[in-house]
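Accompanying notes for the structure given below.
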Amino acid sequence: ILNYERALLLEPGNADIRANLEIARSKTIDKVIPVPEVFFVSWTKSLINCLSVDAWAKLGIVFFVLLLVFFFSKQIMGKKVGFIAGIVFLVLVILSNVFAAQQKGELMECNEAIVLAPSVTVRSTPSESGTSLFILHEGRKVEIKDNSMREWKEIRLEDGKVGWVPASAIEGI
């Protein structure tokens with residue numbers, strides 16, 4: 001699961017990686033029901049993840065070159081079409097660069113991890129004496145909320161549950 005998640009970060013639009021990740025996730029013990037997102041957030045994430053960072057950057061360059069071609073057209077009809085096309089290509093250049101920056105940020109920040117220990121007890125405080133909240137098993141994806149301590153990490157599950165786990169039990173994606 002860890003390696004499929006890493007591969008998905010590098011190629012978010014790859015259907016084979018997604019299918020294999022879902023197969024691997026179906027074999028995990030923990031079944032967490034995520035909190036549903038607002039529809040336009042899901043659409044935006046799907047649009048951003050349909051291409052990789054490099055593909056969005058290349059697309060931005062192509063749109064910029066097309067913008068320049070239409071902008072410097074000598075024909076009257078070309079200038080009329082070029083004005084409208086220029087506005088469209090300018091918007092596309094901006095969007096493709098924003099999408100590439102968004103994906104690069106996700107690659108660089110690494111605030112998600114996978115539980116690698118066969119089972120780990122999630123605690124209410126960052127110590128072994130903390131109250132046991134629940135148990136996570138190998139393969140569960142978690143979000144790292146607090147990464148400031150060396151030995152303990154505060155995590156959040158997709159369903160909103162929060163707690164502390166030993167840093168040795170998880171590995172960042």
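Each chain in the structure tokens gets a letter, A, B and so on, in the order shown; residues start at 1 in every chain, and ligands are counted from 1 in the order they appear.
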
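Residues in contact with A:Ile48 at 8 Å, where only C-alpha atoms are counted and same-chain residues fewer than 4 positions away are skipped, are listed as A:Thr44, A:Phe99, A:Ala100, A:Gln102, A:Gln103.
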
Contact residues around A:Ile135 with only C-alpha atoms at 9 Å, ignoring same-chain residues under 5 positions, as an MDAnalysis selection string
chainID A and resid 30 119:123

For the residues in that selection, give me N, CA, C and O atoms as a short mmCIF file (atom, residue, chain, number, x, y, z; two decimals), in the first residue's frame.
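The resulting file, again_8.cif, is reproduced below:
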```cif
data_model
loop_
_atom_site.label_atom_id
_atom_site.label_comp_id
_atom_site.auth_asym_id
_atom_site.auth_seq_id
_atom_site.Cartn_x
_atom_site.Cartn_y
_atom_site.Cartn_z
N ASP A 30 -8.72 -2.87 8.93
CA ASP A 30 -9.49 -1.69 9.34
C ASP A 30 -10.33 -1.17 8.19
O ASP A 30 -9.83 -0.95 7.09
N SER A 119 -0.07 -4.21 14.30
CA SER A 119 -1.14 -3.49 14.98
C SER A 119 -0.50 -2.47 15.91
O SER A 119 0.58 -2.71 16.45
N VAL A 120 -1.16 -1.34 16.06
CA VAL A 120 -0.65 -0.27 16.92
C VAL A 120 -1.83 0.32 17.68
O VAL A 120 -2.91 0.51 17.12
N THR A 121 -1.60 0.57 18.97
CA THR A 121 -2.62 1.18 19.79
C THR A 121 -2.49 2.69 19.70
O THR A 121 -1.42 3.24 19.96
N VAL A 122 -3.56 3.35 19.34
CA VAL A 122 -3.58 4.81 19.26
C VAL A 122 -3.89 5.34 20.66
O VAL A 122 -4.85 4.91 21.29
N ARG A 123 -3.06 6.25 21.12
CA ARG A 123 -3.16 6.78 22.49
C ARG A 123 -3.69 8.20 22.49
O ARG A 123 -3.62 8.92 21.50
#
```

From the set A:Pro12, A:Pro118, A:Gly86, A:Gly60, which residue has the shortest atom-to-atom contact distance to A:Ser168, counting only C-alpha atoms?
A:Pro118

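Considering only C-alpha atoms, the residue among A:Glu128, A:Glu106, A:Glu158, A:Glu171 positioned nearest to A:Glu143 is A:Glu158.
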
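Residue nearest A:Val65, chosen from A:Ala85, A:Cys110, A:Val41, A:Ile1 and counting only C-alpha atoms: A:Ala85.
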
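Distance-wise, atom CA of A:Arg150 and atom CA of A:His137 end up 21.5 Å apart.
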
Name the residues of stretch 1-60 of chain A that come out as alpha helix (DSSP H) in a backbone DSSP run; write them as a PyMOL selection string.
chain A and resi 2-10+15-26+39-48+53-60

DSSP says strand (DSSP E or B) for which residues of stretch 6-124 of chain A? Put them as a list in words?
Glu112, Ala113, Ile114, Val115, Ser119, Val120, Thr121, Val122 and Arg123 of chain A

Dump N, CA and C atoms for the selected residues as a PDB file, in the first residue's frame?
```
ATOM      1  N   GLU A 112       1.077  12.561   5.046  1.00  0.00           N
ATOM      2  CA  GLU A 112       0.323  11.327   5.161  1.00  0.00           C
ATOM      3  C   GLU A 112       1.288  10.176   5.382  1.00  0.00           C
ATOM      4  N   ALA A 113       0.806   9.136   6.036  1.00  0.00           N
ATOM      5  CA  ALA A 113       1.646   7.981   6.339  1.00  0.00           C
ATOM      6  C   ALA A 113       0.804   6.713   6.287  1.00  0.00           C
ATOM      7  N   ILE A 114       1.501   5.594   6.268  1.00  0.00           N
ATOM      8  CA  ILE A 114       0.871   4.277   6.284  1.00  0.00           C
ATOM      9  C   ILE A 114       1.355   3.547   7.539  1.00  0.00           C
ATOM     10  N   VAL A 115       0.425   2.882   8.218  1.00  0.00           N
ATOM     11  CA  VAL A 115       0.785   2.088   9.389  1.00  0.00           C
ATOM     12  C   VAL A 115       1.505   0.833   8.892  1.00  0.00           C
ATOM     13  N   SER A 119      -0.066  -4.205  14.297  1.00  0.00           N
ATOM     14  CA  SER A 119      -1.140  -3.488  14.983  1.00  0.00           C
ATOM     15  C   SER A 119      -0.499  -2.472  15.913  1.00  0.00           C
ATOM     16  N   VAL A 120      -1.161  -1.342  16.065  1.00  0.00           N
ATOM     17  CA  VAL A 120      -0.649  -0.272  16.921  1.00  0.00           C
ATOM     18  C   VAL A 120      -1.827   0.321  17.682  1.00  0.00           C
ATOM     19  N   THR A 121      -1.596   0.572  18.967  1.00  0.00           N
ATOM     20  CA  THR A 121      -2.621   1.185  19.794  1.00  0.00           C
ATOM     21  C   THR A 121      -2.491   2.690  19.704  1.00  0.00           C
ATOM     22  N   VAL A 122      -3.559   3.354  19.341  1.00  0.00           N
ATOM     23  CA  VAL A 122      -3.575   4.813  19.257  1.00  0.00           C
ATOM     24  C   VAL A 122      -3.890   5.342  20.657  1.00  0.00           C
ATOM     25  N   ARG A 123      -3.055   6.253  21.124  1.00  0.00           N
ATOM     26  CA  ARG A 123      -3.156   6.777  22.488  1.00  0.00           C
ATOM     27  C   ARG A 123      -3.694   8.199  22.487  1.00  0.00           C
TER      28      ARG A 123
END
```

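Closest approach to A:Leu47 among A:Ser148, A:Ser132, A:Thr28, A:Ser96 is made by A:Ser96 (distances from only C-alpha atoms).
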
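Look at A:Val93: the protein and nucleic acid residues within 9 Å of it, using only C-alpha atoms and passing over chain neighbours fewer than 5 places away, are A:Leu59, A:Gly60, A:Ile61, A:Val62, A:Phe63, A:Phe64, A:Leu67, A:Val88, A:Val98.
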
Write out the residues from the selection above, keeping C-alpha atoms, as a PDB file, in the first residue's frame.
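Everything below was put into part.pdb:
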```
ATOM      1  CA  LEU A  59       0.563  21.813 -20.982  1.00  0.00           C
ATOM      2  CA  GLY A  60       1.133  25.273 -19.502  1.00  0.00           C
ATOM      3  CA  ILE A  61       4.064  25.835 -21.861  1.00  0.00           C
ATOM      4  CA  VAL A  62       2.009  24.676 -24.863  1.00  0.00           C
ATOM      5  CA  PHE A  63      -0.860  27.011 -23.945  1.00  0.00           C
ATOM      6  CA  PHE A  64       1.590  29.888 -23.502  1.00  0.00           C
ATOM      7  CA  LEU A  67      -1.181  32.393 -26.703  1.00  0.00           C
ATOM      8  CA  VAL A  88      -8.907  31.348 -23.174  1.00  0.00           C
ATOM      9  CA  VAL A  98      -1.809  26.430 -10.419  1.00  0.00           C
TER      10      VAL A  98
END
```

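Considering only C-alpha atoms, the residue among A:Lys45, A:Lys104, A:Arg18, A:Lys141 positioned nearest to A:Lys31 is A:Lys141.
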
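With distances taken over only C-alpha atoms, A:Val32 is the one residue among A:Val32, A:Ser26, A:Phe70, A:Val38 lying closest to A:Leu136.
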
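One distance worth recording is that between atom CA of A:Leu92 and atom CA of A:Lys58, which is 11.9 Å.
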
Quick one: residues within 7 Å of A:Leu2, only C-alpha atoms counted, chain neighbours fewer than 2 positions away excluded, as number ranges by chain?
A: 4-6, 114, 173

For atom CA of A:Trp164 and atom CA of A:Ile29, quote the distance in Å rounded to one decimal.
19.7 Å
